[in-house]
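Student: Just so it is clear, I am handing over model.cif, which has mmCIF, C-alpha atoms.
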```cif
data_input
#
loop_
_atom_site.label_atom_id
_atom_site.label_comp_id
_atom_site.auth_asym_id
_atom_site.auth_seq_id
_atom_site.Cartn_x
_atom_site.Cartn_y
_atom_site.Cartn_z
CA MET A 234 -17.37 3.61 28.20
CA SER A 235 -20.01 0.87 27.88
CA GLU A 236 -23.22 1.88 26.20
CA VAL A 237 -25.20 -0.07 28.79
CA ALA A 238 -23.58 1.76 31.75
CA LYS A 239 -26.38 4.31 31.63
CA LEU A 240 -25.93 5.53 35.21
CA THR A 241 -22.59 7.13 34.35
CA ARG A 242 -24.39 9.88 32.40
CA GLY A 243 -27.10 12.36 33.29
CA SER A 244 -28.29 13.81 36.60
CA ILE A 245 -27.25 11.96 39.76
CA ARG A 246 -30.38 13.11 41.55
CA GLY A 247 -32.44 12.01 38.58
CA HIS A 248 -30.85 8.55 38.71
CA LEU A 249 -31.45 8.33 42.46
CA VAL A 250 -35.13 9.09 41.92
CA SER A 251 -35.59 6.88 38.85
CA GLN A 252 -33.78 3.94 40.43
CA THR A 253 -35.16 4.33 43.95
CA LEU A 254 -38.86 4.87 43.24
CA PRO A 255 -39.34 1.47 41.55
CA MET A 256 -37.27 -0.08 44.35
CA VAL A 257 -39.52 1.58 46.94
CA ILE A 258 -42.62 0.19 45.23
CA GLY A 259 -41.06 -3.25 45.00
CA VAL A 260 -39.75 -3.29 48.57
CA ALA A 261 -43.07 -1.93 49.88
CA ALA A 262 -44.85 -4.75 48.12
CA MET A 263 -42.44 -7.26 49.67
CA MET A 264 -42.72 -5.79 53.16
CA SER A 265 -46.49 -5.67 52.93
CA ILE A 266 -46.40 -9.46 52.91
CA GLY A 267 -45.13 -9.42 56.49
CA LEU A 268 -47.95 -7.10 57.54
CA VAL A 269 -50.58 -9.19 55.77
CA ASP A 270 -49.14 -12.37 57.32
CA ALA A 271 -49.18 -10.77 60.78
CA TYR A 272 -52.76 -9.57 60.32
CA PHE A 273 -54.25 -12.93 59.32
CA VAL A 274 -52.03 -14.98 61.65
CA GLY A 275 -53.01 -12.60 64.46
CA ARG A 276 -56.63 -13.63 63.89
CA LEU A 277 -55.64 -17.21 64.75
CA GLY A 278 -54.56 -16.30 68.29
CA SER A 279 -51.76 -14.90 70.43
CA THR A 280 -49.79 -18.17 70.30
CA GLU A 281 -49.59 -18.01 66.51
CA LEU A 282 -48.69 -14.31 66.62
CA ALA A 283 -45.94 -15.06 69.14
CA ALA A 284 -44.70 -17.84 66.84
CA MET A 285 -44.41 -15.32 64.01
CA ALA A 286 -42.38 -13.06 66.32
CA PHE A 287 -39.84 -15.86 66.71
CA ILE A 288 -39.96 -16.77 63.01
CA PHE A 289 -39.55 -13.22 61.70
CA PRO A 290 -35.92 -12.50 62.70
CA VAL A 291 -34.82 -15.97 61.58
CA THR A 292 -36.38 -15.67 58.13
CA VAL A 293 -34.98 -12.16 57.78
CA ALA A 294 -31.53 -13.44 58.76
CA ILE A 295 -31.42 -16.26 56.22
CA THR A 296 -32.96 -14.05 53.55
CA SER A 297 -30.26 -11.50 54.30
CA LEU A 298 -27.65 -14.08 53.32
CA GLY A 299 -29.39 -14.28 49.95
CA VAL A 300 -29.49 -10.50 49.77
CA GLY A 301 -25.71 -10.56 50.22
CA VAL A 302 -25.39 -12.75 47.13
CA MET A 303 -27.61 -10.32 45.25
CA VAL A 304 -25.40 -7.43 46.37
CA GLY A 305 -22.29 -9.30 45.25
CA ILE A 306 -23.72 -9.94 41.78
CA ASN A 307 -24.95 -6.35 41.56
CA SER A 308 -21.51 -5.02 42.49
CA VAL A 309 -19.42 -7.04 40.03
CA VAL A 310 -21.91 -6.60 37.18
CA ALA A 311 -22.21 -2.81 37.68
CA ARG A 312 -18.43 -2.29 37.81
CA ALA A 313 -17.81 -4.51 34.79
CA LEU A 314 -20.38 -2.56 32.78
CA GLY A 315 -18.89 0.74 33.97
CA GLU A 316 -15.49 -0.41 32.71
CA GLY A 317 -17.03 -1.39 29.36
CA ASP A 318 -16.36 -5.16 29.71
CA HIS A 319 -19.69 -6.65 28.62
CA ASP A 320 -18.43 -10.21 28.23
CA ARG A 321 -17.13 -10.32 31.80
CA ALA A 322 -20.41 -8.86 33.05
CA LEU A 323 -22.36 -11.55 31.16
CA ARG A 324 -20.26 -14.38 32.63
CA LYS A 325 -20.58 -13.09 36.18
CA ALA A 326 -24.31 -12.49 35.77
CA ASN A 327 -25.04 -16.01 34.55
CA PHE A 328 -22.81 -17.78 37.00
CA GLY A 329 -24.16 -15.63 39.83
CA ILE A 330 -27.71 -16.92 39.28
CA VAL A 331 -26.58 -20.55 39.36
CA PHE A 332 -24.43 -19.91 42.43
CA ALA A 333 -27.40 -18.33 44.23
CA VAL A 334 -29.62 -21.37 43.64
CA LEU A 335 -26.95 -23.81 44.84
CA LEU A 336 -26.45 -21.74 47.97
CA GLY A 337 -30.21 -21.75 48.53
CA ILE A 338 -30.30 -25.55 48.46
CA ALA A 339 -27.53 -25.77 51.06
CA MET A 340 -29.22 -23.21 53.32
CA ALA A 341 -32.58 -25.00 53.05
CA ALA A 342 -31.00 -28.27 54.18
CA LEU A 343 -29.40 -26.60 57.20
CA LEU A 344 -32.64 -24.89 58.16
CA LEU A 345 -34.58 -28.17 58.07
CA VAL A 346 -32.03 -29.84 60.33
CA LEU A 347 -31.45 -27.00 62.78
CA GLN A 348 -34.85 -25.36 63.18
CA GLY A 349 -35.74 -27.27 66.37
CA PRO A 350 -32.55 -26.46 68.31
CA LEU A 351 -32.51 -22.91 66.94
CA PHE A 352 -35.94 -21.90 68.21
CA THR A 353 -35.39 -23.73 71.50
CA LEU A 354 -32.26 -21.64 71.94
CA MET A 355 -34.36 -18.53 71.29
CA GLN A 356 -36.48 -19.48 74.33
CA ALA A 357 -39.63 -20.39 72.39
CA ARG A 358 -42.06 -22.19 74.73
CA PRO A 359 -42.81 -25.89 74.06
CA ALA A 360 -46.38 -24.98 73.13
CA VAL A 361 -45.12 -22.59 70.43
CA LEU A 362 -42.51 -24.91 68.85
CA PRO A 363 -44.99 -27.10 66.89
CA VAL A 364 -46.64 -23.97 65.49
CA ILE A 365 -43.24 -22.67 64.39
CA ARG A 366 -42.44 -26.01 62.77
CA ASP A 367 -45.69 -25.93 60.77
CA TYR A 368 -44.48 -22.74 59.10
CA MET A 369 -40.75 -23.36 58.81
CA THR A 370 -40.85 -26.78 57.08
CA PRO A 371 -42.58 -25.68 53.84
CA TYR A 372 -40.72 -22.37 53.98
CA ALA A 373 -37.35 -24.15 54.02
CA LEU A 374 -38.29 -26.53 51.20
CA GLY A 375 -39.12 -23.59 48.95
CA PHE A 376 -36.19 -21.40 49.96
CA PRO A 377 -33.94 -22.18 46.92
CA ILE A 378 -36.56 -20.48 44.73
CA SER A 379 -36.10 -17.32 46.80
CA LEU A 380 -32.35 -17.41 46.10
CA ALA A 381 -33.06 -17.74 42.37
CA ILE A 382 -35.00 -14.46 42.64
CA MET A 383 -32.04 -12.87 44.44
CA GLY A 384 -29.70 -13.91 41.65
CA VAL A 385 -31.92 -12.47 38.92
CA ASN A 386 -32.45 -9.30 40.96
CA GLY A 387 -28.70 -8.82 41.30
CA VAL A 388 -28.24 -8.99 37.54
CA LEU A 389 -31.10 -6.57 36.88
CA ARG A 390 -29.96 -4.09 39.53
CA GLY A 391 -26.39 -4.10 38.24
CA GLN A 392 -27.74 -2.97 34.86
CA GLY A 393 -29.88 -0.24 36.42
CA GLU A 394 -33.12 -2.08 35.60
CA ALA A 395 -34.94 -1.07 38.78
CA ARG A 396 -38.36 -1.13 37.12
CA ARG A 397 -38.04 -4.79 36.23
CA THR A 398 -37.04 -5.73 39.76
CA SER A 399 -40.10 -3.90 41.09
CA ILE A 400 -42.35 -5.82 38.69
CA MET A 401 -41.03 -9.07 40.13
CA SER A 402 -41.60 -7.88 43.70
CA ILE A 403 -45.11 -6.63 43.02
CA THR A 404 -46.03 -9.92 41.35
CA TYR A 405 -44.72 -11.90 44.31
CA ALA A 406 -46.58 -9.69 46.77
CA ALA A 407 -49.83 -9.81 44.78
CA ALA A 408 -49.76 -13.59 44.84
CA ASN A 409 -49.40 -13.47 48.63
CA TRP A 410 -52.18 -10.94 49.05
CA VAL A 411 -54.56 -13.27 47.23
CA LEU A 412 -53.35 -16.54 48.74
CA ASP A 413 -52.82 -15.49 52.39
CA PRO A 414 -56.47 -15.19 53.48
CA LEU A 415 -57.41 -18.30 51.53
CA LEU A 416 -54.59 -20.52 52.77
CA ILE A 417 -54.34 -19.19 56.36
CA THR A 418 -57.94 -18.74 57.51
CA GLY A 419 -59.83 -20.30 54.60
CA ALA A 420 -62.72 -19.06 52.49
CA PHE A 421 -65.66 -20.32 50.43
CA GLY A 422 -65.98 -23.47 52.53
CA PHE A 423 -62.21 -24.17 52.53
CA LYS A 424 -60.86 -24.52 56.07
CA GLY A 425 -57.35 -23.19 55.50
CA TYR A 426 -54.03 -24.43 56.84
CA GLY A 427 -53.48 -21.99 59.69
CA ILE A 428 -49.98 -20.62 60.07
CA ALA A 429 -48.64 -23.14 57.53
CA GLY A 430 -50.84 -21.43 54.93
CA ALA A 431 -48.68 -18.31 55.22
CA ALA A 432 -45.63 -20.38 54.23
CA TYR A 433 -47.46 -22.03 51.33
CA ALA A 434 -48.48 -18.61 50.03
CA THR A 435 -44.88 -17.39 50.29
CA VAL A 436 -43.45 -20.33 48.34
CA ALA A 437 -46.11 -20.04 45.64
CA GLY A 438 -45.32 -16.34 45.26
CA TRP A 439 -41.61 -17.13 44.97
CA ALA A 440 -42.22 -19.60 42.16
CA ILE A 441 -44.30 -17.13 40.16
CA ALA A 442 -41.79 -14.29 40.64
CA ALA A 443 -38.79 -16.46 39.69
CA LEU A 444 -40.35 -17.49 36.39
CA LEU A 445 -41.30 -13.89 35.65
CA GLY A 446 -37.78 -12.70 36.49
CA LEU A 447 -36.13 -15.08 34.04
CA TRP A 448 -38.56 -13.91 31.36
CA LEU A 449 -37.80 -10.23 32.08
CA LEU A 450 -34.06 -10.90 32.07
CA ARG A 451 -34.07 -12.37 28.57
CA THR A 452 -34.66 -8.96 26.91
CA THR A 453 -31.78 -7.21 28.72
CA SER A 454 -28.16 -7.05 27.60
CA LEU A 455 -27.29 -9.79 30.13
CA PRO A 456 -29.79 -12.63 29.57
CA PHE A 457 -29.47 -16.02 31.27
CA HIS A 458 -28.05 -18.75 29.04
CA PRO A 459 -26.82 -22.13 30.33
CA SER A 460 -24.16 -22.11 27.60
CA VAL A 461 -22.55 -19.03 29.20
CA VAL A 462 -22.40 -20.81 32.55
CA ALA A 463 -20.74 -23.82 30.92
CA ARG A 464 -17.84 -21.73 29.61
CA CYS A 465 -17.24 -19.85 32.87
CA ASN A 466 -13.99 -20.31 34.73
CA VAL A 467 -15.53 -21.07 38.13
CA ARG A 468 -12.56 -19.89 40.17
CA ASP A 469 -12.16 -16.58 38.34
CA THR A 470 -15.90 -15.93 38.22
CA VAL A 471 -17.03 -16.89 41.69
CA GLY A 472 -14.11 -15.20 43.49
CA PRO A 473 -15.10 -11.55 42.87
CA ILE A 474 -18.75 -12.34 43.64
CA VAL A 475 -17.96 -14.08 46.92
CA LYS A 476 -15.50 -11.34 47.87
CA VAL A 477 -18.43 -8.93 48.04
CA ALA A 478 -21.26 -11.40 48.70
CA GLY A 479 -19.66 -13.01 51.75
CA PRO A 480 -19.18 -9.84 53.83
CA ALA A 481 -22.39 -8.32 52.45
CA ALA A 482 -24.38 -11.44 53.38
CA PHE A 483 -23.11 -11.45 56.95
CA SER A 484 -23.50 -7.68 57.15
CA ASN A 485 -27.16 -7.99 56.18
CA ALA A 486 -27.66 -10.97 58.48
CA ILE A 487 -26.09 -9.37 61.55
CA ASN A 488 -29.07 -7.13 62.30
CA PRO A 489 -31.69 -9.92 62.26
CA ILE A 490 -29.31 -12.12 64.24
CA GLY A 491 -29.20 -9.34 66.80
CA LEU A 492 -33.00 -9.12 66.68
CA SER A 493 -33.18 -12.87 67.33
CA VAL A 494 -31.15 -12.37 70.50
CA LEU A 495 -33.32 -9.41 71.48
CA THR A 496 -36.41 -11.57 70.94
CA ALA A 497 -34.96 -14.15 73.32
CA LEU A 498 -34.31 -11.40 75.88
CA VAL A 499 -37.76 -9.88 75.56
CA ALA A 500 -39.32 -13.36 75.94
CA ALA A 501 -38.52 -13.10 79.65
CA GLN A 502 -40.99 -10.19 79.83
CA GLY A 503 -43.95 -12.34 78.75
CA GLU A 504 -45.87 -13.36 75.63
CA ALA A 505 -47.46 -9.93 75.19
CA ALA A 506 -44.02 -8.33 75.04
CA VAL A 507 -42.87 -10.87 72.44
CA ALA A 508 -45.97 -10.34 70.33
CA GLY A 509 -45.69 -6.56 70.60
CA PHE A 510 -42.00 -6.58 69.76
CA GLY A 511 -42.62 -8.80 66.73
CA ALA A 512 -45.54 -6.73 65.46
CA GLY A 513 -43.64 -3.49 65.98
CA GLY A 514 -40.68 -4.90 64.09
CA ARG A 515 -42.87 -5.78 61.11
CA LEU A 516 -44.37 -2.30 61.10
CA GLN A 517 -40.89 -0.80 61.24
CA SER A 518 -39.78 -2.95 58.30
CA PHE A 519 -42.61 -1.54 56.21
CA ALA A 520 -42.09 2.05 57.35
CA VAL A 521 -38.41 2.15 56.37
CA VAL A 522 -39.14 0.89 52.85
CA PRO A 523 -37.91 4.14 51.18
CA LEU A 524 -34.61 3.75 53.03
CA LEU A 525 -34.33 0.12 51.97
CA GLY A 526 -35.13 1.08 48.39
CA LEU A 527 -32.47 3.78 48.48
CA SER A 528 -29.88 1.37 49.88
CA GLY A 529 -30.70 -1.01 47.04
CA SER A 530 -30.41 1.59 44.29
CA ILE A 531 -27.27 3.34 45.51
CA GLY A 532 -25.09 0.32 44.68
CA ALA A 533 -25.65 0.40 40.94
CA ILE A 534 -25.22 4.19 40.74
CA VAL A 535 -22.03 4.29 42.80
CA GLY A 536 -20.73 1.06 41.25
CA GLN A 537 -21.09 2.11 37.60
CA ASN A 538 -19.58 5.54 38.23
CA TRP A 539 -16.76 4.06 40.30
CA GLY A 540 -15.98 1.57 37.54
CA ALA A 541 -15.97 4.45 35.03
CA ARG A 542 -13.63 6.43 37.34
CA GLN A 543 -16.17 9.22 37.78
CA TYR A 544 -15.48 9.60 41.48
CA ASP A 545 -17.19 12.96 42.01
CA ARG A 546 -20.48 11.51 40.74
CA ALA A 547 -20.16 8.55 43.12
CA ARG A 548 -19.57 10.87 46.08
CA LEU A 549 -22.48 13.12 45.13
CA ALA A 550 -24.81 10.13 44.97
CA MET A 551 -23.82 9.07 48.50
CA PHE A 552 -24.18 12.60 49.90
CA GLU A 553 -27.70 13.09 48.56
CA ALA A 554 -28.76 9.60 49.62
CA GLY A 555 -27.48 10.21 53.15
CA LEU A 556 -29.26 13.56 53.41
CA PHE A 557 -32.56 11.99 52.40
CA SER A 558 -32.07 9.17 54.95
CA VAL A 559 -31.71 11.61 57.83
CA VAL A 560 -34.67 13.82 56.88
CA TYR A 561 -37.03 10.93 56.16
CA GLY A 562 -36.06 9.07 59.33
CA LEU A 563 -36.82 12.05 61.56
CA VAL A 564 -40.21 12.70 59.93
CA LEU A 565 -41.13 9.03 60.32
CA ALA A 566 -40.16 9.03 63.99
CA ALA A 567 -42.40 12.02 64.67
CA ILE A 568 -45.37 10.22 63.09
CA PHE A 569 -44.86 7.06 65.13
CA ALA A 570 -44.38 9.00 68.34
CA ALA A 571 -47.74 10.68 67.79
CA ALA A 572 -49.75 7.61 66.72
CA GLY A 573 -48.02 4.56 68.19
CA GLY A 574 -51.14 3.25 69.94
CA TRP A 575 -53.24 3.48 66.80
CA PHE A 576 -50.69 1.45 64.85
CA GLY A 577 -50.57 -1.14 67.64
CA SER A 578 -54.32 -1.70 67.52
CA PHE A 579 -53.97 -2.80 63.90
CA PHE A 580 -52.24 -6.01 65.00
CA SER A 581 -54.11 -7.02 68.15
CA ASP A 582 -57.12 -6.33 70.37
CA ASP A 583 -55.11 -7.29 73.47
CA PRO A 584 -54.36 -4.06 75.41
CA ALA A 585 -51.06 -5.50 76.67
CA VAL A 586 -49.84 -6.20 73.14
CA VAL A 587 -51.00 -2.78 71.90
CA HIS A 588 -49.12 -1.13 74.77
CA GLN A 589 -45.89 -2.94 73.89
CA VAL A 590 -46.16 -1.93 70.22
CA GLU A 591 -46.72 1.67 71.30
CA ARG A 592 -43.69 1.64 73.62
CA TYR A 593 -41.54 0.10 70.92
CA LEU A 594 -42.44 2.80 68.39
CA HIS A 595 -42.14 5.67 70.88
CA ILE A 596 -38.57 4.67 71.74
CA SER A 597 -36.94 2.94 68.76
CA ALA A 598 -38.35 5.09 65.96
CA TRP A 599 -36.00 7.98 66.73
CA GLY A 600 -33.13 5.88 65.44
CA TYR A 601 -34.54 5.35 61.95
CA ALA A 602 -32.49 8.21 60.51
CA GLY A 603 -29.30 6.54 61.72
CA PHE A 604 -30.45 3.17 60.39
CA GLY A 605 -31.08 4.69 56.95
CA LEU A 606 -27.63 6.27 56.90
CA LEU A 607 -26.08 2.94 57.89
CA ILE A 608 -27.71 0.79 55.21
CA THR A 609 -27.17 3.41 52.51
CA ALA A 610 -23.49 3.66 53.43
CA ASN A 611 -23.25 -0.13 53.34
CA GLY A 612 -24.72 -0.16 49.83
CA ALA A 613 -22.12 2.33 48.62
CA LEU A 614 -19.24 0.49 50.30
CA ASN A 615 -20.29 -2.82 48.75
CA ALA A 616 -20.41 -1.16 45.35
CA VAL A 617 -16.77 -0.03 45.57
CA ASP A 618 -15.51 -3.43 46.77
CA ARG A 619 -15.30 -2.43 50.43
CA ALA A 620 -17.80 -4.99 51.71
CA HIS A 621 -15.49 -5.93 54.57
CA VAL A 622 -15.81 -2.38 55.92
CA SER A 623 -19.62 -2.53 55.88
CA LEU A 624 -19.43 -5.89 57.63
CA LEU A 625 -17.22 -4.51 60.40
CA GLN A 626 -19.42 -1.49 61.06
CA SER A 627 -22.60 -3.59 61.05
CA ALA A 628 -21.03 -6.07 63.47
CA ALA A 629 -19.84 -3.29 65.78
CA ARG A 630 -23.32 -1.76 65.81
CA VAL A 631 -24.94 -5.00 66.98
CA PHE A 632 -22.28 -6.67 69.13
CA LEU A 633 -20.65 -3.62 70.68
CA VAL A 634 -23.73 -1.43 71.18
CA MET A 635 -27.12 -3.12 70.74
CA LEU A 636 -26.70 -6.41 72.60
CA PRO A 637 -24.56 -5.13 75.52
CA PHE A 638 -27.00 -2.23 76.05
CA ALA A 639 -30.02 -4.56 76.10
CA TRP A 640 -28.32 -7.07 78.39
CA LEU A 641 -27.14 -4.50 80.93
CA MET A 642 -30.31 -2.39 81.06
CA ARG A 643 -32.99 -5.11 80.90
CA PRO A 644 -33.04 -5.81 84.67
CA ALA A 645 -33.85 -2.17 85.39
CA TRP A 646 -35.91 -1.17 82.34
CA GLY A 647 -37.59 -4.42 81.27
CA ALA A 648 -38.82 -4.51 77.68
CA ASP A 649 -38.04 -0.80 77.27
CA ALA A 650 -34.33 -1.70 77.44
CA ILE A 651 -34.70 -3.82 74.30
CA TYR A 652 -36.33 -0.96 72.42
CA ALA A 653 -33.76 1.55 73.68
CA ALA A 654 -30.96 -0.78 72.59
CA GLU A 655 -32.18 -0.50 68.98
CA LEU A 656 -32.26 3.28 69.32
CA ALA A 657 -28.71 3.51 70.64
CA ALA A 658 -27.37 1.10 68.03
CA ASN A 659 -28.96 2.99 65.14
CA LEU A 660 -27.82 6.42 66.30
CA ILE A 661 -24.22 5.39 66.97
CA GLY A 662 -24.00 2.99 64.02
CA GLY A 663 -25.47 5.49 61.56
CA GLY A 664 -23.17 8.29 62.63
CA ALA A 665 -20.08 6.09 62.39
CA ALA A 666 -21.15 4.68 59.01
CA GLY A 667 -21.60 8.16 57.54
CA LEU A 668 -18.09 9.19 58.55
CA ILE A 669 -16.52 5.94 57.31
CA VAL A 670 -18.15 5.88 53.89
CA TRP A 671 -17.24 9.51 53.25
CA ARG A 672 -13.64 8.83 54.17
CA VAL A 673 -13.50 5.82 51.82
CA LEU A 674 -15.05 7.70 48.89
CA THR A 675 -12.89 10.78 49.31
CA ARG A 676 -9.53 9.08 49.99
CA THR A 677 -9.77 6.23 47.47
CA GLN A 678 -9.14 7.32 43.91
CA THR A 679 -8.53 4.03 42.11
CA PRO A 680 -10.98 1.11 42.08
CA PRO A 681 -9.55 -2.37 42.74
CA ASN A 682 -8.39 -4.52 39.82
CA GLN A 683 -11.02 -6.87 38.38
CA THR A 684 -10.71 -10.40 37.08
#
```
Rewrite the structure from the file as structure tokens, please.
Tutor:
Amino acid sequence: MSEVAKLTRGSIRGHLVSQTLPMVIGVAAMMSIGLVDAYFVGRLGSTELAAMAFIFPVTVAITSLGVGVMVGINSVVARALGEGDHDRALRKANFGIVFAVLLGIAMAALLLVLQGPLFTLMQARPAVLPVIRDYMTPYALGFPISLAIMGVNGVLRGQGEARRTSIMSITYAAANWVLDPLLITGAFGFKGYGIAGAAYATVAGWAIAALLGLWLLRTTSLPFHPSVVARCNVRDTVGPIVKVAGPAAFSNAINPIGLSVLTALVAAQGEAAVAGFGAGGRLQSFAVVPLLGLSGSIGAIVGQNWGARQYDRARLAMFEAGLFSVVYGLVLAAIFAAAGGWFGSFFSDDPAVVHQVERYLHISAWGYAGFGLLITANGALNAVDRAHVSLLQSAARVFLVMLPFAWLMRPAWGADAIYAAELAANLIGGGAAGLIVWRVLTRTQTPPNQT
């Protein structure tokens, strides 16, 4: 057993806490950026806030593709360490970072070319399109730096270095906290760049976090060295990463793609509905941070124990993570149901927008428990090389439940149908995911062969 596969020993619950808490802090810091952006952009006007509602699901979708690469690197590194093959883990870690950056360049080019047709397809009004373009152009140019962060994060997570990943996230968020008010609305005689300032702040934060991540990685057992990349067999190294990263990327992207379609549907209900839906979505993203942190930490714990053939420990980790997801989700829903209007007033003074945020929280929040179970199950499935299963269940949740529900019920229910579609998708998707992951972990006794 590898000496660096530290998650194969000790208390499972202790590992869940020690790995998840730093992830929660890091993810909370990352998600706070969306809230800070929404707050300062909201001060610019309802048109800018509506533009952010269109931008949000698209940026989440393309970032989710990068998250898939991170998950792929995490999975192959964790299993290689669990099997005691340090050299293979080092090769996959180094090549994974380079692969992530190259993918980021390709995605940035596509985003620059397609952003106009994409947002037109989403039913953005002509008056909103130039505002969207002001944000998306600098965001796309800096996007490869974001993928570099994903690559480094995947290597750190695979080793169980959750604290170091949280340091990167907090640094990135802190840079945005400082730069957002300055670059968006201006200060000390500086006019600011409006909505484009939010993108400039994001790219600057990425650059700082990427440099810090490479520095943190150098003191781990899997540091980044160009010489290691040079001696990699590309076909043998990239194959196992892509096998997990491809399905995981699309699995992570499916939900924001679905949200993009829902945004287009809710646009028919007016600008206030779009703004309320977008603001409510950002609040939801921040509120489910513990669930996101748990879904990020479960992969390394299950992956290392699966690679070490300690199947009971892998199953126990999934059971306790699922139990927490359900309890936390229900408590969160009760809070939002009681104070939805108060949360809505944080984003806007427009009573129509506040009302839409309140309706969104009152309806959709009761599905958070199912959402947590879904993403945690996906993290465990990716870790045991069953990414195709997580992709299928994520796709079914969106395309067989969420979108048909919203489309059929919108004529009768209006914007409420969009919010109820999220609720139905999370309840059904979470229940199905829990059953599927338990079946996989209990019936599979031998991990797949590695290259």
Student: Using all atoms listed in the file, pick whichever of A:Val507, A:Leu240, A:Gln356, A:Gly419 has the shortest atom-to-atom distance to Thr280 (chain A).
Tutor: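 Nearest to Thr280 (chain A): A:Val507.
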Student: Nearest to Val385 (chain A) among A:Gly491, A:Gly513, A:Gly299, A:Pro473, with distances taken over only C-alpha atoms: which residue is it?
Tutor: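 Distance minimum relative to Val385 (chain A) lands on A:Gly299.
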Student: Written as a ChimeraX atom specification, which residues does the PyMOL selection byres ((chain A and resi 412) around 10) give for the file shown?
Tutor: /A:406-411,413-417,419,430-431,433-435,437-438
Student: Find the distance between CA of Leu447 (chain A) and CA of Gly391 (chain A) and write it in Å to one decimal.
Tutor: 15.3 Å
Student: Can you tell me how far CA of Ser578 (chain A) sits from CA of Gly600 (chain A), in Å to one decimal?
Tutor: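 Distance reported for this atom pair: 22.6 Å.
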Student: Taking 4 positions as the minimum chain separation for residues in the same chain, which residues sit within 7 Å of Ser530 (chain A) when counting all atoms listed in the file? Answer as a PyMOL selection string.
Tutor: chain A and resi 252-253+526+534
Student: Go through A:Trp646, A:Tyr593, A:Phe328, A:Phe638 and flag the residue nearest His458 (chain A), using all atoms listed in the file for the distances.
Tutor: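 Of the candidates, the smallest distance to His458 (chain A) is held by A:Phe328.
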